[in-house]
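Asks: First the structure, which I've put down as structure tokens, then a few questions once you've had a look.
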Amino acid sequence: MAVRIGVYICHCGTNIAGKVDIDEVVEFARGLENVSLVKDYKFMCSDPGQALLQKDVEDGLIDRVVVASCSPLMHENTFRKATERGGLNPYLFTMANIREQCSWVHLDGAETTDKAKDLIAAAVRRAFLLEPLTKREVPINPRTLVIGGGIAGIQAALDLAEAGKQVVLVEREPSIGGHMAKFDKTFPTLDCSACILTPRMVSVGQHPNIELMTYSEIEEVGGYVGNFNVTVRKKARYVDEQLCNGCGACWEKCPGTRVPRKGNVHEKLSLGPTTSIYMPFMQAVPAIPVIDAQTCLYLKDDQHKCGLCAKECERDAINYDMEDESVEFEVGNIIIASGFQTFDPSVIKRYGYDRLDNVITALQFEIMNCASGSTGGKIQKADGSEPEAIGIVHCVGSRDENYHEYCSRVCCMYSLKYSHLIKEKTNAEVYQFYIDMRCFGKGYEEFYDRLLTEDVRFVRGKVAEVTDVAMNEAEEGKLIVRVEDTLLGSVRRIPLDMVILSTGLEAHHSLKDVANKCNVSVGSDGFIIEKHPKLGPVATATDGVFLAGACQSPKDIPDTVAQASAASSAVLSMITREKIEIEAATAEVNEDKCSGCKLCNTLCPYLAVKFDEEKGVSVVNEALCKGCGTCVAGCPSGAISAKHFEDRQIFAEIEGIFSGLEYKTVSKPKG
Amino acid sequence: MKYTYYPGCSVTATANLYQESIDTVAPSLGIELEELDDWNCCGATAYMSVRELMSFAISARNLAMAEKFHRDLVTPCSACYLVLNKTNHYFNDYPDMRSKIGKALEAGGLSYSGNVRVRHILDVIVNDVDMEKISSQVTRDLKELRVAPYYGCQIVRPEMGFDDPDEPESMDRLIETLGAETVDYSMKTKCCGASLMGTEEKMALALCRDLLMDAQKKGAHCIVTLCPLCQMNLDIYQPKVNSLFKTDFKIPVIYITQLIGIALGASPAELGMKRLGVKVSGEMKRIIEGA
Amino acid sequence: MTFEPKIVGFLCNWCSYTGADLAGTSRIKYSPNIRSIRVMCSGRIEPTFIVKALYEGADGVLIAGCHPGDCHYQEGNYKALRRYRMLRMILPGFGIEPERVRLEWVAASEGERFANVVDEFTDQIRDLGPLKVRDSLERILSEDAIPELEEAMEESGDANEA
Amino acid sequence: MLENEVCYEATLDHDFLDEIYSLPGGEEIKRCIQCGSCSGSCPQACQMDHAPRKIFSLIRAGFRDEVLESNTIWLCSSCYTCAVRCPKEIKITDVMYALKRLAIKEGKARKGRKAAVLSKNFVKMVNKYGRNHETELMTRYILEAELFNALHFVPQGMRLMMNGRLPVMPHKIKNLDQLRKIINKVEELGEI
Amino acid sequence: MRFRSWKKLWKKAVTPMKLKTGIYWGAGCGGCDVAVLDVHEKILLVAEKMELLFWPIAMDFKYEDVEKMEDGEFDIVMYNGAIRNSENEEIAKLLRKKSKTMVALGACAHLGGLIAMANFHTRESLLNRVYLETESTDNPDSVIPAEKWKKGEEELELPAFHSTVKTLDQVVDVDYYIPGCPPVPDQIVSALVQVWEGKLPGKGSVIGAGERTLCDECPREKEEKSITEFKRPVDAIPEPEKCLLEQGFLCLGPVTREGCGARCIKTNVPCRGCYGPLEEVNDQGLRMLSALASVLEPKEEKAIDELISQLPDPLRTFYRFSAAASILRRKKV
């Protein structure tokens, strides 16, 4: 039986009808081959609009559907469902985008109508060759892997565990807690970071539904949504987690030193003990020390002379023979919450971070200011004296095309927080050198306002350099910041005792590796690309892999926590479904044609195309295939086809574009 | 190692001592410089202010002539280094420029495809010559000599990639290889104001003063430079700085190649030392002669 | 009357097609000469699509994908780049200026850039003039045609059908 | 126009930015975020009528005369510090060159008279010999721009001369004809 | 009447009757005719089953003899060679009219063949090159062959030299294709056997060759591919066990139909693609280009260009045999 195509042209109010001559287009569509009915309607996406096509399908009037309206990214699913409700395979529907890529971007005139016609002709030709596809279902393993034990991972894991679902939380450091554990206070509320974080860390450690793997790294992720196989490498901690009770006797006696004593005095900044066997910080979860193999006198030395910690340990928990071990398990979904690292300012030589004592990074300041840090929370210069003037330099590594183009979002706020903390603890003058103050969150602008009244000196200008070359007596022995006060229009030299570089956030150096293993992409900024910048900020292009926190982009704590909860609820909704449909528009190998040249095997980013040694042909694992079509374009024999994007369908579309009217002269929409 | 050599106008005149020292030390370093025949002015700073395209076009003449040798083009002058590189950049990245420069060259019977790598002699010495080879040839003990390396601006900026634009260290490394001590000195890439000396003398002298002052304060016996303009500025104008700002600087400003020559045992005459405006004297003289 | 080229665009679903949609939602105006075909990834774009479009009457073909490093499918865009570079090499053999095919990276957020690329490319193709490969082929073939025989064949063809 | 008055849009030149924008190297000015790292880095900023950052904001607003008549462009010593530090990678030094040329072209180079004279003579020198002849250049410059101040230059000249660093004769390149053909062709093509 | 139902006809004709056969030589090198002779002792089998009515290269026939025949009198005509001039085309049309089954024999008739590389030039440039410009040409009067030539009273006429080389199916309806340059003799026999046993596939099929690409019958070890350099057989001797493409030798095997027995490959020579692509592929050259580009190693534009610039004459390498059958068919003028 001949193919009968129904074409539905949407006015979209005046959005389309205002620019495109609908009557003319309807007339044109009627003349196209295989088109058996053409209708136009004010809003095709409305219920009556959908009902229109649904009914025609039900009535058996048509067996292919073309809707000419907005972008398929907008309503392809809407109309697919309507088509399906009418009783037709949803893949027998296609769209012509005559709004976003036609009426909205061109002027009122014949050329816009002509373009709409061409696009419809192309869609009709394509529709003629469409084939029904069936979706497949796979079961979902209810266990979830959370990568990263910072506040994002903690939140996500707790949400899931509280919902009664099993979670494996993998953290690369010896303790969970992440960056937040290093902070003393949080902006803008100035509440104690440890006070709000520690209870959550403890819950994670104790929760029956959470399996915690610290000091561990993801080694391999295989499989696909609902059915991932994960291999984790547990690094040797040299302390038996079952036996240790965290008493601390071991590090009391340890003669090794993990944090170098020489050089910039601030390298001593550490939250936990500076010995080779150490606890990262006192509230660590699990509260079990770890031996730093690089500096441990026993492990470094072939004679193994030291062994003091083992002697001290009453429970015989020290095990120098411990080795890394690989653990394999299965999960259904993955939440990546692997966090960020701070920008290393030593590459900006003019800020003198490597060269000048008393130029420190924001994170160093956090530790210095933290009561449990090595200065006991005292803000002091390298020589131990109290600074009289402190400068805080914003945008170090951020908003700068030489380093990172993006705004790191948290630096303005934490810089304000520092100003307050400094004022609270010292009598020092505080200068803020900023380009723009970005205080966009709840209570943030109010915090800025408060700081303005606390006599913090705000200088608008990007610091040109930090130097120790004095030009007058007042500058002798000081750090001098040279900056244009752009609001005054004059260059200022400001002598200071300490300069804090508000370093931006950047993707963790291991993020790319983690992303690769989970089959998601990182963008040019180094962060993981989310599924959609607006409508899919939590999901990724790989089904079953979700994002939380600063691995997606720089974020503050509230946003991170919100995203973590969003990720866990996305996972919950997956788990609750129990089964998941997988992409129908996948690639497919015609095994009769495949010669087994293996050319396609390297092309698939998801490793969905594998060589079947027995059959001597390549095969596509449909569960892994995302339908990008790269293998199709690479197959030399034409044995692989892309369902729904077959060569002949695209050829038909091209022919369709040129099947219409001779192109008319048009005017240029400029001027 | 053979290179095509582009001396630049200054080196044939006010910086002739630079050339003398290069001629003296290059063979010991295993650097063979073959001068580009009939080179012309690179079209530097002053020219560019008036005629941009023209300056690129005449600069490109040199590049076009150098291209057929398939070797790196080496220049000792920072300004020439900058302009020749900039010509390459604009030629390669701006199609409109490329076609116009191409047409102009064609009028002179030349063509250029944009493939000459332009390098500064410091880059060549530091990166192509084996540092151990240099240190093995050192015959004078300069360990007491405190040297302030002065890079100036145009060798590291805009970023040419061979050293950091704010904190270059290649010359520091070289000086240490020669056995001398580098002084920790923040002004090493600050502008000396050479291009303003003719027109805005006071401003330029002030910039010189800041430089000399920092060097003196840090206890430098001499300043080592690699740019003809910087050298002339800091050297010839030093008395004028003194008279204007009531200072008393007597800091010799020598070329890096002269320092190499000293370390390698060449005589002052071979290195053009007598052409310096501020002569080597006092402590520095003692160290060099005592060594 | 100026010549108005017809341009076919092959856009990847995730970046460039979305970018083109963004130009729409932002109401940025650009030349109406382009007709876009959506594929999931620039890695799906086969050289045959491009050549087919040129053959069917396109005066220029624009390929657009995600920026390097941003590919939704990780590396499809690099494959597109390599195919594009190689295709450019052989087009002159067919008497087609390689400038008629252009590859651009357009991110989902770059609506304005998409519009600029289309305008600029349209101008460029307008300067190059019409391509009309198919017309040219038909014209050349008609020079080779053998008139008498052609008629004879047609007659016999008619007879056969009858 | 800048002094304590209301600036009427009608008096500003709104095409100025586009004009600068179309120059090679000038493409990025629109993206300036006015952070001031150029001015802060500039060794001459304090002597300038308007520091570089302000020049960009003047260009963007359309203060054509203020920009072209300022001494800023003539005080730029081409040290490129601003350019490497600019977070938006604006080629600030190259823009300064472009502004110098524009100022000369439009006869607004009053404050850069001396620099313009020096530059013009430099060009003359190169076009005449193919290379710069420093002795003649300075002589010409002093005669034209600093006649009343000529004595001021004597000590430096003497110092150079005494140390054998000031050649009397210029060096003429062999194929001057070729260079002139190139130069004439550029004249014919016109600057970009 | 033109007979359309070939299988039925064949069944009727199977036994006693010998197949009335014609073999014709268009623009080709003669290799296909030789290939027919190369069937060796099986020629007897051929002789038993077939009656050769027309084979200009082997026997004396005149065009008039064919013209006098009934329409559809030949059971089968095997046309080898491309359509290069008006004579090729006229005879092709004539033979089509006189035959029940038209077979395109060999790469030239099938895809245009080597000759079709001329499509990357204009007619004028070809004539100039051949008659005026080659290094060995001695043609002081610059004479170029003309279609008509008057000598005294006599007017001589030559076939018109076409500007474009065409495949056989671009001028007449073709029923089957036997690919190859030249076709492997065994494959010719097997194709003929198919013909007289009446076991022919659907019209338009390739017969006497496989259904997959050459890699299927290529004995070499194949791994995942990532190409970092290109080499020609003159540059290095390929390792005999390893996939040639993986070693950087441009082998068209992946885009070429199997059936030849991988003869070139077995002598350590990369496949040049004479068997043409599989049905699904509409442009052999572009398909090779796409597949090859997919597995290059570099990602940066510069590195890519550097690598692909190592390909000697990519255009004619990709389209060595199939220029006339490509989408664009010829150089645009």
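Chain labels A, B, ... are given in the sequence in which chains occur in the structure tokens; within each chain residues are numbered consecutively from 1, and ligands are likewise numbered from 1 in the order shown.
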Excluding Thr72 of chain D and residues on its chain fewer than 6 positions from it, collect all residues at most 7 Å away from it, counting only C-alpha atoms, and give them as a PyMOL selection string.
Replies: chain D and resi 48-51
Asks: Residues of chain A no more than 8 Å from chain C, counting only C-alpha atoms: send them over as a PyMOL selection string.
Replies: chain A and resi 71+73+99-102+104-107+111-112+115+118-119+520-524+529+541+605+627-633+645+650-651+653-655+657-658+663-666+668-670
Asks: Nearest to Glu143 of chain C: which of E:Lys62, E:His162, E:His40, E:Arg272 is it, counting only C-alpha atoms?
Replies: E:His162
Asks: Output the contact residues of chain E with respect to chain C at a cut-off of 7 Å, based on only C-alpha atoms, as a VMD selection string.
Replies: chain E and resid 1 to 2 86 120 162 to 164 286 289 to 290 293 to 294 299 304 to 305 308 314 to 315 327 to 328 330 to 333
Asks: Can you tell me, as a PDB file with C-alpha atoms, in the first residue's frame, what residues are no more than 7 Å from Val117 of chain D when counting only C-alpha atoms, ignoring any on the same chain fewer than 3 positions away?
Replies:
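Everything below was put into selection_16.pdb:
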```
ATOM      1  CA  ARG D 113      54.536  66.046  17.478  1.00  0.00           C
ATOM      2  CA  LYS D 114      58.008  65.033  18.543  1.00  0.00           C
ATOM      3  CA  LYS D 120      58.559  60.127  10.112  1.00  0.00           C
ATOM      4  CA  ASN D 121      62.281  60.652   9.926  1.00  0.00           C
ATOM      5  CA  TYR D 141      65.207  64.923  14.533  1.00  0.00           C
ATOM      6  CA  ALA D 145      61.876  69.054  16.647  1.00  0.00           C
TER       7      ALA D 145
END
```
Asks: Find the residue from D:Asp13, D:Glu28, D:Glu134, D:Glu144 that sits nearest to chain B; use only C-alpha atoms when measuring.
Replies: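 When distances to chain B are compared using only C-alpha atoms, the smallest one comes from D:Glu134.
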Asks: Pull out every residue of chain A that has at least one atom within 7 Å of chain B, counting only C-alpha atoms, and report them as a PDB file with N, CA, C and O atoms, in the first residue's frame.
Replies:
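Ended up saving to part.pdb:
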```
ATOM      1  N   LYS A 349      53.343  34.798  37.656  1.00  0.00           N
ATOM      2  CA  LYS A 349      54.587  35.176  38.331  1.00  0.00           C
ATOM      3  C   LYS A 349      54.500  36.554  38.975  1.00  0.00           C
ATOM      4  O   LYS A 349      55.128  36.816  39.992  1.00  0.00           O
ATOM      5  N   ARG A 350      53.741  37.449  38.361  1.00  0.00           N
ATOM      6  CA  ARG A 350      53.775  38.823  38.854  1.00  0.00           C
ATOM      7  C   ARG A 350      53.103  38.968  40.220  1.00  0.00           C
ATOM      8  O   ARG A 350      53.234  39.992  40.864  1.00  0.00           O
ATOM      9  N   VAL A 469      59.684  45.735  45.752  1.00  0.00           N
ATOM     10  CA  VAL A 469      60.598  46.844  45.477  1.00  0.00           C
ATOM     11  C   VAL A 469      59.972  48.132  46.016  1.00  0.00           C
ATOM     12  O   VAL A 469      58.966  48.612  45.507  1.00  0.00           O
TER      13      VAL A 469
END
```
Asks: If we count only C-alpha atoms, what is near segment 178-185 of chain D at a cut-off of 10 Å, once residues fewer than 5 positions away on the same chain are taken out, given as a PyMOL selection string?
Replies: (chain B and resi 40+53-55+57-58+60-61+100-110) or (chain D and resi 126-130+173+190)
Asks: Could those selected residues go to a file with C-alpha atoms, as a PDB file, in the first residue's frame?
Replies:
```
ATOM      1  CA  ASN B  40      67.062  45.828   5.557  1.00  0.00           C
ATOM      2  CA  LEU B  53      51.494  47.647   6.652  1.00  0.00           C
ATOM      3  CA  MET B  54      54.668  49.155   5.250  1.00  0.00           C
ATOM      4  CA  SER B  55      56.616  48.097   8.283  1.00  0.00           C
ATOM      5  CA  ALA B  57      56.097  44.578   4.234  1.00  0.00           C
ATOM      6  CA  ILE B  58      59.717  45.633   4.616  1.00  0.00           C
ATOM      7  CA  ALA B  60      58.709  40.496   5.340  1.00  0.00           C
ATOM      8  CA  ARG B  61      61.389  41.208   2.761  1.00  0.00           C
ATOM      9  CA  LYS B 100      48.632  42.646   0.792  1.00  0.00           C
ATOM     10  CA  ILE B 101      52.084  41.794   2.088  1.00  0.00           C
ATOM     11  CA  GLY B 102      52.234  39.030  -0.497  1.00  0.00           C
ATOM     12  CA  LYS B 103      51.421  41.483  -3.264  1.00  0.00           C
ATOM     13  CA  ALA B 104      53.999  43.971  -2.064  1.00  0.00           C
ATOM     14  CA  LEU B 105      56.682  41.283  -1.957  1.00  0.00           C
ATOM     15  CA  GLU B 106      55.649  40.134  -5.393  1.00  0.00           C
ATOM     16  CA  ALA B 107      56.297  43.633  -6.686  1.00  0.00           C
ATOM     17  CA  GLY B 108      59.857  43.159  -5.488  1.00  0.00           C
ATOM     18  CA  GLY B 109      60.060  39.725  -7.054  1.00  0.00           C
ATOM     19  CA  LEU B 110      59.868  37.919  -3.720  1.00  0.00           C
TER      20      LEU B 110
ATOM     21  CA  VAL D 126      64.778  53.459   6.082  1.00  0.00           C
ATOM     22  CA  ASN D 127      63.230  54.295   2.767  1.00  0.00           C
ATOM     23  CA  LYS D 128      66.399  56.114   1.775  1.00  0.00           C
ATOM     24  CA  TYR D 129      69.015  53.596   2.833  1.00  0.00           C
ATOM     25  CA  GLY D 130      67.116  50.427   3.597  1.00  0.00           C
ATOM     26  CA  ILE D 173      71.512  48.139   1.124  1.00  0.00           C
ATOM     27  CA  GLY D 190      46.937  51.466   0.942  1.00  0.00           C
TER      28      GLY D 190
END
```
Asks: Please provide the set of residues having any atom within 7 Å of segment 92-102 of chain D, restricted to only C-alpha atoms, with same-chain residues fewer than 6 positions apart removed, written as a tab-separated table (two decimals) with N, CA and C atoms, in the first residue's frame.
Replies:
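Saved file selection04.tsv follows:
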```
chain	number	residue	atom	x	y	z
B	48	MET	N	56.63	51.58	12.77
B	48	MET	CA	55.28	51.03	12.88
B	48	MET	C	54.26	52.08	13.31
B	49	SER	N	54.73	53.07	14.05
B	49	SER	CA	53.80	54.10	14.49
B	49	SER	C	53.23	54.87	13.32
B	50	VAL	N	53.99	54.94	12.24
B	50	VAL	CA	53.53	55.74	11.11
B	50	VAL	C	52.88	54.85	10.06
D	25	GLY	N	44.09	43.36	15.20
D	25	GLY	CA	44.54	43.59	16.57
D	25	GLY	C	43.51	44.34	17.39
D	26	GLY	N	42.58	44.99	16.72
D	26	GLY	CA	41.59	45.79	17.45
D	26	GLY	C	40.30	45.05	17.72
D	68	LEU	N	42.24	60.64	20.31
D	68	LEU	CA	43.30	60.88	19.32
D	68	LEU	C	44.20	62.06	19.70
D	73	ILE	N	48.72	57.94	23.69
D	73	ILE	CA	49.22	57.09	22.61
D	73	ILE	C	50.69	57.37	22.31
D	78	SER	N	55.74	50.77	24.08
D	78	SER	CA	55.72	49.44	23.44
D	78	SER	C	56.39	48.37	24.29
D	80	TYR	N	54.66	46.23	26.03
D	80	TYR	CA	53.73	45.09	25.92
D	80	TYR	C	53.33	44.46	27.26
D	82	CYS	N	51.06	45.48	29.35
D	82	CYS	CA	49.60	45.46	29.41
D	82	CYS	C	49.04	44.33	28.57
D	83	ALA	N	49.65	44.14	27.38
D	83	ALA	CA	49.09	43.16	26.45
D	83	ALA	C	49.18	41.74	27.01
```
Asks: Which of segment 112-168 of chain A end up as strand (DSSP E) when DSSP is run on this backbone - answer as a compact mmCIF listing (two decimals) with C-alpha atoms, in the first residue's frame?
Replies:
```txt
# COMPACT_ATOMS: atom_id res chain seq x y z
CA ARG A 136 14.06 -2.00 24.47
CA GLU A 137 13.96 -2.26 28.22
CA VAL A 138 16.65 -3.26 30.70
CA PRO A 139 16.30 -3.75 34.47
CA THR A 144 24.24 3.55 43.35
CA LEU A 145 27.86 4.61 43.15
CA VAL A 146 28.72 8.06 44.43
CA ILE A 147 32.15 9.26 43.39
CA VAL A 167 25.07 3.37 48.13
CA VAL A 168 28.77 2.89 47.59
```
Asks: Do you have the atom CA of Tyr434 of chain A-atom CA of Ser415 of chain A distance handy?
Replies: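 These two atoms are separated by 9.6 Å.
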Asks: Smallest atom-to-atom distance to chain A: which of D:Cys7, D:Ile55, D:Leu17, D:Cys86, using only C-alpha atoms?
Replies: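 Smallest separation from chain A among the options: D:Cys86.
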Asks: Could you tell me how far atom CA of Asp592 of chain A sits from atom CA of Gln247 of chain E, in Å to one decimal place?
Replies: 27.0 Å
Asks: Could you tell me how far atom CA of Arg131 of chain D sits from atom CA of Cys41 of chain B, in Å to one decimal place?
Replies: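 Going from atom CA of Cys41 of chain B over to atom CA of Arg131 of chain D covers 4.5 Å.
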